[in-house]
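To be precise, the following lines are final14.cif, and they hold mmCIF, C-alpha atoms and all ligand atoms.
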```cif
data_upload
loop_
_atom_site.group_PDB
_atom_site.id
_atom_site.type_symbol
_atom_site.label_atom_id
_atom_site.label_comp_id
_atom_site.auth_asym_id
_atom_site.auth_seq_id
_atom_site.Cartn_x
_atom_site.Cartn_y
_atom_site.Cartn_z
ATOM 1 C CA MET A 9 -67.028 29.776 61.228
ATOM 2 C CA SER A 10 -67.574 31.543 64.574
ATOM 3 C CA LYS A 11 -68.152 35.303 64.695
ATOM 4 C CA ARG A 12 -64.702 35.786 66.190
ATOM 5 C CA GLU A 13 -63.061 33.778 63.370
ATOM 6 C CA ARG A 14 -65.079 35.620 60.738
ATOM 7 C CA PHE A 15 -63.147 38.836 61.340
ATOM 8 C CA ILE A 16 -59.531 39.361 60.326
ATOM 9 C CA SER A 17 -57.748 40.934 63.252
ATOM 10 C CA GLY A 18 -56.531 44.483 62.529
ATOM 11 C CA ILE A 19 -57.540 44.453 58.845
ATOM 12 C CA TYR A 20 -58.746 48.067 59.229
ATOM 13 C CA ASN A 21 -55.383 49.346 60.492
ATOM 14 C CA TYR A 22 -53.700 49.752 57.140
ATOM 15 C CA CYS A 23 -56.573 49.925 54.676
ATOM 16 C CA ASP A 24 -57.611 53.052 52.770
ATOM 17 C CA ARG A 25 -61.007 53.257 54.573
ATOM 18 C CA TRP A 26 -62.848 53.245 51.270
ATOM 19 C CA CYS A 27 -65.398 50.744 52.520
ATOM 20 C CA GLN A 28 -67.759 51.146 49.554
ATOM 21 C CA ARG A 29 -65.043 49.659 47.360
ATOM 22 C CA CYS A 30 -63.524 47.195 49.790
ATOM 23 C CA GLU A 31 -63.579 43.458 49.074
ATOM 24 C CA HIS A 32 -63.195 42.599 52.731
ATOM 25 C CA THR A 33 -66.252 44.158 54.342
ATOM 26 C CA LYS A 34 -67.518 40.767 55.528
ATOM 27 C CA ARG A 35 -64.257 40.162 57.399
ATOM 28 C CA CYS A 36 -63.928 43.623 58.940
ATOM 29 C CA ARG A 37 -65.140 44.359 62.460
ATOM 30 C CA VAL A 38 -64.998 48.136 61.943
ATOM 31 C CA TYR A 39 -67.283 47.879 58.923
ATOM 32 C CA ARG A 40 -69.702 45.649 60.837
ATOM 33 C CA ASP A 41 -69.765 48.104 63.765
ATOM 34 C CA GLU A 42 -70.257 51.107 61.505
ATOM 35 C CA GLN A 43 -73.150 49.441 59.679
ATOM 36 C CA ARG A 44 -74.722 48.561 62.996
ATOM 37 C CA VAL A 45 -74.496 52.196 64.130
ATOM 38 C CA MET A 46 -75.996 53.397 60.804
ATOM 39 C CA ARG A 47 -78.930 50.987 61.171
ATOM 40 C CA ARG A 48 -79.512 52.103 64.756
ATOM 41 C CA HIS A 49 -79.649 55.773 63.745
ATOM 42 C CA LYS A 50 -81.895 55.089 60.774
ATOM 43 C CA SER A 51 -84.322 53.077 62.910
ATOM 44 C CA LYS A 52 -84.557 56.070 65.280
ATOM 45 C CA GLY A 53 -85.125 58.439 62.362
ATOM 46 C CA GLU A 54 -81.727 60.117 62.967
ATOM 47 C CA ASP A 55 -79.340 61.303 60.287
ATOM 48 C CA PRO A 56 -76.087 59.338 60.897
ATOM 49 C CA HIS A 57 -74.082 62.137 59.244
ATOM 50 C CA ASP A 58 -75.461 64.905 61.467
ATOM 51 C CA MET A 59 -72.526 66.388 63.458
ATOM 52 C CA GLU A 60 -74.312 66.016 66.795
ATOM 53 C CA VAL A 61 -74.985 62.332 66.087
ATOM 54 C CA VAL A 62 -71.416 61.771 64.848
ATOM 55 C CA PHE A 63 -70.031 63.415 67.992
ATOM 56 C CA LYS A 64 -72.059 61.106 70.258
ATOM 57 C CA ASP A 65 -70.908 58.044 68.267
ATOM 58 C CA VAL A 66 -67.262 59.041 68.601
ATOM 59 C CA SER A 67 -67.634 59.564 72.371
ATOM 60 C CA ARG A 68 -69.336 56.173 72.725
ATOM 61 C CA SER A 69 -66.626 54.411 70.690
ATOM 62 C CA PHE A 70 -63.915 56.169 72.684
ATOM 63 C CA GLU A 71 -65.416 55.043 75.993
ATOM 64 C CA LYS A 72 -65.687 51.480 74.674
ATOM 65 C CA VAL A 73 -62.056 51.479 73.521
ATOM 66 C CA MET A 74 -60.878 52.949 76.856
ATOM 67 C CA ARG A 75 -62.722 50.212 78.762
ATOM 68 C CA MET A 76 -61.087 47.557 76.568
ATOM 69 C CA ILE A 77 -57.618 49.104 76.947
ATOM 70 C CA THR A 78 -57.912 49.427 80.733
ATOM 71 C CA ARG A 79 -59.147 45.845 81.091
ATOM 72 C CA ASP A 80 -56.424 44.480 78.812
ATOM 73 C CA ALA A 81 -53.656 46.493 80.494
ATOM 74 C CA LYS A 82 -54.741 45.314 83.949
ATOM 75 C CA ALA A 83 -54.768 41.675 82.823
ATOM 76 C CA ARG A 84 -51.248 42.037 81.398
ATOM 77 C CA GLY A 85 -49.845 44.021 84.318
ATOM 78 C CA ILE A 86 -49.195 47.118 82.192
ATOM 79 C CA ASP A 87 -48.971 50.498 83.931
ATOM 80 C CA LEU A 88 -50.891 52.875 81.671
ATOM 81 C CA ASP A 89 -49.681 55.948 83.563
ATOM 82 C CA GLU A 90 -46.088 55.092 82.709
ATOM 83 C CA ILE A 91 -46.776 56.454 79.211
ATOM 84 C CA ILE A 92 -48.018 59.729 80.685
ATOM 85 C CA ARG A 93 -44.861 60.064 82.788
ATOM 86 C CA GLU A 94 -42.640 59.270 79.813
ATOM 87 C CA SER A 95 -44.534 61.607 77.530
ATOM 88 C CA LYS A 96 -43.556 64.510 79.772
ATOM 89 C CA ASN A 97 -40.030 64.029 78.474
ATOM 90 C CA VAL A 98 -41.069 63.977 74.839
ATOM 91 C CA ASP A 99 -40.921 67.216 72.964
ATOM 92 C CA LEU A 100 -44.039 66.846 70.821
ATOM 93 C CA GLU A 101 -43.474 70.104 68.984
ATOM 94 C CA THR A 102 -39.985 69.018 67.993
ATOM 95 C CA ASP A 103 -41.193 65.579 66.835
ATOM 96 C CA ARG A 104 -43.978 67.120 64.773
ATOM 97 C CA ASP A 105 -41.593 69.681 63.320
ATOM 98 C CA ARG A 106 -39.174 66.906 62.455
ATOM 99 C CA VAL A 107 -41.860 65.026 60.518
ATOM 100 C CA GLU A 108 -43.136 68.135 58.768
ATOM 101 C CA ALA A 109 -39.667 69.309 57.828
ATOM 102 C CA HIS A 110 -38.819 65.997 56.178
ATOM 103 C CA PRO A 111 -38.556 66.302 52.361
ATOM 104 C CA LEU A 112 -40.939 63.355 51.917
ATOM 105 C CA CYS A 113 -43.577 65.035 54.047
ATOM 106 C CA ARG A 114 -43.137 68.310 52.183
ATOM 107 C CA GLU A 115 -43.510 66.485 48.868
ATOM 108 C CA ALA A 116 -46.662 64.739 50.109
ATOM 109 C CA LYS A 117 -48.059 68.142 51.123
ATOM 110 C CA ARG A 118 -47.247 69.461 47.652
ATOM 111 C CA PHE A 119 -49.072 66.488 46.130
ATOM 112 C CA MET A 120 -52.084 67.144 48.352
ATOM 113 C CA ASP A 121 -52.245 70.859 47.515
ATOM 114 C CA GLN A 122 -51.693 70.477 43.773
ATOM 115 C CA CYS A 123 -54.042 67.522 43.510
ATOM 116 C CA GLY A 124 -56.767 69.547 45.243
ATOM 117 C CA GLU A 125 -56.239 72.334 42.712
ATOM 118 C CA LEU A 126 -56.316 69.895 39.790
ATOM 119 C CA LEU A 127 -59.613 68.423 40.966
ATOM 120 C CA GLU A 128 -61.131 71.894 41.294
ATOM 121 C CA ARG A 129 -60.058 72.742 37.750
ATOM 122 C CA LEU A 130 -61.232 69.401 36.434
ATOM 123 C CA LYS A 131 -64.803 69.708 37.727
ATOM 124 C CA PRO A 132 -66.075 72.424 35.326
ATOM 125 C CA ILE A 133 -64.111 70.981 32.385
ATOM 126 C CA PHE A 134 -65.654 67.577 33.036
ATOM 127 C CA ASN A 135 -69.177 68.982 33.482
ATOM 128 C CA ASP A 136 -68.954 71.000 30.253
ATOM 129 C CA ALA A 137 -67.667 67.982 28.296
ATOM 130 C CA ARG A 138 -70.436 65.810 29.754
ATOM 131 C CA SER A 139 -73.206 68.308 28.887
ATOM 132 C CA ASP A 140 -71.779 68.719 25.409
ATOM 133 C CA ALA A 141 -71.720 64.943 24.841
ATOM 134 C CA ILE A 142 -75.305 64.598 26.130
ATOM 135 C CA ASN A 143 -76.491 67.337 23.727
ATOM 136 C CA ARG A 144 -74.755 65.756 20.754
ATOM 137 C CA ALA A 145 -75.927 62.243 21.643
ATOM 138 C CA GLU A 146 -79.308 63.078 20.011
ATOM 139 C CA PHE A 147 -77.841 63.231 16.529
ATOM 140 C CA MET A 148 -74.431 61.488 16.626
ATOM 141 C CA ASP A 149 -72.568 58.564 18.161
ATOM 142 C CA VAL A 150 -70.800 59.636 21.378
ATOM 143 C CA GLU A 151 -70.120 56.176 22.759
ATOM 144 C CA ASP A 152 -66.323 56.599 22.799
ATOM 145 C CA GLU A 153 -66.626 59.965 24.508
ATOM 146 C CA ALA A 154 -68.982 58.480 27.090
ATOM 147 C CA ASP A 155 -66.441 55.721 27.824
ATOM 148 C CA ALA A 156 -63.668 58.313 28.206
ATOM 149 C CA LEU A 157 -65.861 60.379 30.539
ATOM 150 C CA THR A 158 -66.544 57.293 32.646
ATOM 151 C CA ASP A 159 -62.771 56.710 32.941
ATOM 152 C CA VAL A 160 -62.167 60.339 33.932
ATOM 153 C CA ARG A 161 -64.948 60.254 36.483
ATOM 154 C CA GLU A 162 -63.381 57.139 38.002
ATOM 155 C CA ALA A 163 -59.965 58.862 38.015
ATOM 156 C CA PHE A 164 -61.531 61.877 39.743
ATOM 157 C CA GLU A 165 -63.101 59.702 42.439
ATOM 158 C CA VAL A 166 -59.858 57.858 43.114
ATOM 159 C CA LEU A 167 -57.774 61.033 43.408
ATOM 160 C CA ASN A 168 -60.445 62.735 45.457
ATOM 161 C CA TRP A 169 -60.383 59.866 47.923
ATOM 162 C CA ASP A 170 -56.599 59.570 48.113
ATOM 163 C CA TYR A 171 -55.019 62.984 48.078
ATOM 164 C CA HIS A 172 -55.497 63.808 51.762
ATOM 165 C CA LEU A 173 -54.998 60.229 52.875
ATOM 166 C CA ILE A 174 -51.524 60.010 51.339
ATOM 167 C CA TYR A 175 -50.323 63.050 53.280
ATOM 168 C CA VAL A 176 -51.771 61.718 56.550
ATOM 169 C CA LYS A 177 -50.292 58.235 56.067
ATOM 170 C CA ILE A 178 -46.864 59.575 55.131
ATOM 171 C CA LYS A 179 -46.799 61.752 58.227
ATOM 172 C CA ARG A 180 -47.706 58.750 60.329
ATOM 173 C CA ALA A 181 -45.088 56.583 58.597
ATOM 174 C CA LEU A 182 -42.377 59.165 59.273
ATOM 175 C CA GLY A 183 -43.524 59.536 62.882
ATOM 176 C CA GLY A 184 -43.255 55.743 63.332
ATOM 177 C CA LEU A 185 -39.863 55.702 61.661
ATOM 178 C CA PHE A 186 -38.452 58.436 63.920
ATOM 179 C CA GLU A 187 -39.958 56.771 66.978
ATOM 180 C CA SER A 188 -38.331 53.459 66.043
ATOM 181 C CA GLU A 189 -34.960 55.155 65.575
ATOM 182 C CA ASP A 190 -35.175 56.804 69.009
ATOM 183 C CA GLU A 191 -36.442 53.728 70.837
ATOM 184 C CA ASP A 192 -34.202 51.546 73.038
ATOM 185 C CA ASP A 193 -36.779 48.887 73.795
ATOM 186 C CA ASP A 194 -36.730 46.176 71.075
ATOM 187 C CA ASP A 195 -40.475 45.481 71.188
ATOM 188 C CA PHE A 196 -41.465 49.136 70.918
ATOM 189 C CA ARG A 197 -38.906 49.676 68.185
ATOM 190 C CA ASP A 198 -40.286 46.756 66.154
ATOM 191 C CA SER A 199 -43.860 47.837 66.632
ATOM 192 C CA SER A 200 -43.104 51.464 65.607
ATOM 193 C CA ARG A 201 -41.219 50.231 62.567
ATOM 194 C CA SER A 202 -44.054 47.893 61.621
ATOM 195 C CA ASP A 203 -46.579 50.715 62.007
ATOM 196 C CA ALA A 204 -44.385 52.886 59.793
ATOM 197 C CA ALA A 205 -44.277 50.115 57.163
ATOM 198 C CA GLY A 206 -48.068 49.625 57.323
ATOM 199 C CA SER A 207 -48.778 53.342 56.966
ATOM 200 C CA ALA A 208 -46.238 53.675 54.153
ATOM 201 C CA SER A 209 -47.787 50.686 52.370
ATOM 202 C CA VAL A 210 -51.234 52.367 52.353
ATOM 203 C CA ALA A 211 -49.689 55.513 50.846
ATOM 204 C CA ARG A 212 -47.812 53.411 48.296
ATOM 205 C CA ARG A 213 -50.932 51.473 47.227
ATOM 206 C CA CYS A 214 -52.853 54.741 46.842
ATOM 207 C CA LEU A 215 -50.047 56.291 44.797
ATOM 208 C CA MET A 216 -50.030 53.342 42.401
ATOM 209 C CA ARG A 217 -53.687 53.795 41.518
ATOM 210 C CA ASP A 218 -53.295 57.594 41.532
ATOM 211 C CA LYS A 219 -50.616 57.397 38.858
ATOM 212 C CA ALA A 220 -53.023 55.437 36.629
ATOM 213 C CA ALA A 221 -55.738 58.004 37.407
ATOM 214 C CA LEU A 222 -53.449 60.922 36.545
ATOM 215 C CA LEU A 223 -52.477 59.260 33.293
ATOM 216 C CA ALA A 224 -56.156 58.896 32.356
ATOM 217 C CA ILE A 225 -56.693 62.606 33.048
ATOM 218 C CA TYR A 226 -53.529 63.551 31.152
ATOM 219 C CA GLU A 227 -54.691 61.634 28.088
ATOM 220 C CA TRP A 228 -58.201 63.059 28.242
ATOM 221 C CA ASP A 229 -57.716 66.810 28.291
ATOM 222 C CA GLU A 230 -54.948 69.067 26.985
ATOM 223 C CA GLN A 231 -55.869 71.972 29.284
ATOM 224 C CA ILE A 232 -54.669 70.158 32.370
ATOM 225 C CA GLN A 233 -51.845 68.075 30.937
ATOM 226 C CA ASP A 234 -49.097 70.182 32.526
ATOM 227 C CA THR A 235 -50.574 69.853 36.003
ATOM 228 C CA ALA A 236 -51.213 66.132 35.513
ATOM 229 C CA ILE A 237 -47.592 65.606 34.430
ATOM 230 C CA ASP A 238 -46.287 67.586 37.429
ATOM 231 C CA LEU A 239 -48.405 65.470 39.745
ATOM 232 C CA LEU A 240 -47.281 62.240 38.089
ATOM 233 C CA ALA A 241 -43.675 63.279 38.706
ATOM 234 C CA ILE A 242 -44.416 64.144 42.351
ATOM 235 C CA ALA A 243 -46.261 60.825 42.848
ATOM 236 C CA GLU A 244 -43.325 58.922 41.380
ATOM 237 C CA ARG A 245 -40.826 60.798 43.574
ATOM 238 C CA ILE A 246 -42.891 60.076 46.685
ATOM 239 C CA SER A 247 -43.221 56.362 45.782
ATOM 240 C CA ARG A 248 -39.477 56.009 45.294
ATOM 241 C CA ALA A 249 -38.681 57.904 48.480
ATOM 242 C CA ILE A 250 -41.046 55.767 50.582
ATOM 243 C CA GLU A 251 -39.608 52.550 49.187
ATOM 244 C CA ASN A 252 -36.095 53.785 49.842
ATOM 245 C CA LEU A 253 -36.781 55.007 53.364
ATOM 246 C CA ILE A 254 -39.048 52.178 54.544
ATOM 247 C CA PRO A 255 -38.366 49.227 52.208
ATOM 248 C CA GLU A 256 -40.590 46.891 54.256
ATOM 249 C CA CYS A 257 -43.613 48.768 52.896
ATOM 250 C CA VAL A 258 -43.133 46.946 49.573
ATOM 251 C CA THR A 259 -43.611 43.516 51.130
ATOM 252 C CA PHE A 260 -46.043 44.580 53.854
ATOM 253 C CA VAL A 261 -48.931 42.122 53.714
ATOM 254 C CA TRP A 262 -52.425 43.570 53.555
ATOM 255 C CA PRO A 263 -54.952 42.300 54.371
ATOM 256 C CA PRO A 264 -53.114 40.627 57.267
ATOM 257 C CA GLU A 265 -52.792 36.866 57.105
ATOM 258 C CA GLU A 266 -55.064 34.985 59.456
HETATM 259 S S1 LIG B 301 -60.828 46.952 55.766
HETATM 260 FE FE1 LIG B 301 -62.295 47.495 54.175
HETATM 261 S S2 LIG B 301 -64.287 47.450 55.198
HETATM 262 FE FE2 LIG B 301 -62.724 47.538 56.817
HETATM 263 S S3 LIG B 301 -62.487 49.721 57.304
HETATM 264 FE FE3 LIG B 301 -60.967 49.174 55.737
HETATM 265 S S4 LIG B 301 -61.922 49.661 53.771
HETATM 266 FE FE4 LIG B 301 -63.562 49.573 55.309
#
```

When written as C-alpha cells, how does the structure in this file appear?
Amino acid sequence: MSKRERFISGIYNYCDRWCQRCEHTKRCRVYRDEQRVMRRHKSKGEDPHDMEVVFKDVSRSFEKVMRMITRDAKARGIDLDEIIRESKNVDLETDRDRVEAHPLCREAKRFMDQCGELLERLKPIFNDARSDAINRAEFMDVEDEADALTDVREAFEVLNWDYHLIYVKIKRALGGLFESEDEDDDDFRDSSRSDAAGSASVARRCLMRDKAALLAIYEWDEQIQDTAIDLLAIAERISRAIENLIPECVTFVWPPEE
C-alpha cells in the first residue's frame, strides 16, 4: 500500500479528536503529522505543549494549508477573493445570533455548563471514595468497589472529553444547516448540509457514550443522582432534536469509506 493509499481522506473531519483512543491512527494523516511534530520538538529538547511552541506550530500549519489552498484554487480556476466579496454581504453577527438562539444550541450549552459542574462535584467524591477503599483494602476485600471506581473514572474521562465538544459540534451543525437553507447554489448547499450532518453525527456519537457514562455515575453515588438524571434527560433531548433536525446524521458514515 502506498503512503497516499494508507491514509483515509478526511477521516479527521468528523472524529472526536480523541487520538489516544482512536482505532484509526494508522490511517489518519493528521495523527501522523502531529506525531511527527511531537518527535521534532522532543529531539530539540522542546516542550511540545509550551504555548510559544504551539503558536509556532499553528502558524506553520496555517501557512502550509494556505499554500495548498492557493495552489489547488489556481489549478481549478477558483477565484478565492470572490468569497471575500460575498462575505461583505453576510451579517456574521446575525448568523451567529441565529445559531446561539436556537433551542438546540441553548440545550447544548446547558449540557456543557451542567456537565462541567457535575465533574467538579464528582472529583472530591471520587477521590474520597478511592482513598477510603485503599485504606480498607489492607483488612477487607474491596474488589467490587475497585471495579466500580474504575467504571466511574472511565465515565469521568469520557464526559470530560465530550462536554465542550458537543456544544462546538452542535453550533457548527446548526451553522451548516442555516447556510444550506440560505444557499442557492446546489453544490454549496449539498456541501453545507453534509458538513452539518458530519458535525451532528460527532455530537450524536458522543452523546450515546455520555448517556452510558452518566448512568454509571448515577448508579454509583446517591449524592449526585439528581444532577446525573437531569443531564441524562438533557442528553436525550439533544439526541432526539439532532436526529429530527438533521436526520442524515444517523446514517452518516464515519470513518469515511475509501
Ligand atoms: S481520526 Fe482518530 S487519529 Fe485522526 S485526528 Fe481523529 S481521533 Fe485522532

* Please identify the residues whose atoms come within 6 Å of ligand LIG 301 (chain B), using all atoms listed in the file, and report them as a ChimeraX atom specification. => /A:19-20,23-27,30,32-33,36,38-39

* Asked: Mind telling me what the PyMOL selection byres (((chain A and resi 141) around 12) and not hetatm) catches here, as a ChimeraX atom specification?
  -> /A:134-140,142-157

* Please provide the set of residues having any atom within 12 Å of His110 in chain A, restricted to all atoms listed in the file, with same-chain residues fewer than 3 positions apart removed, written as a list in words. =>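 Close residues of His110 in chain A: Asp103, Arg104, Asp105, Arg106, Val107, Cys113, Arg114, Glu115, Ala116, Lys117, Ile178, Lys179, Ala181, Leu182, Gly183, Leu185, Phe186, Ile246, Ala249, Ile250 and Leu253 of chain A.
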
* Given the PyMOL selection byres (((chain A and resi 41-43) around 12) and not hetatm), the residues it picks as a list in words ->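 Against this file, the PyMOL selection byres (((chain A and resi 41-43) around 12) and not hetatm) returns the residues Phe15, Tyr20, Arg25, Cys27, Gln28, Thr33, Lys34, Arg35, Cys36, Arg37, Val38, Tyr39, Arg40, Arg44, Val45, Met46, Arg47, Arg48, His49, Lys50, Pro56, His57, Val62, Asp65, Val66 and Ser69 of chain A.
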
* Name all residues at most 12 Å from Pro255 in chain A (count all atoms listed in the file; drop same-chain ones fewer than 3 positions away) and give them as number ranges by chain. => A: 181, 185, 201-202, 204-206, 208-209, 212, 247-252, 258-260
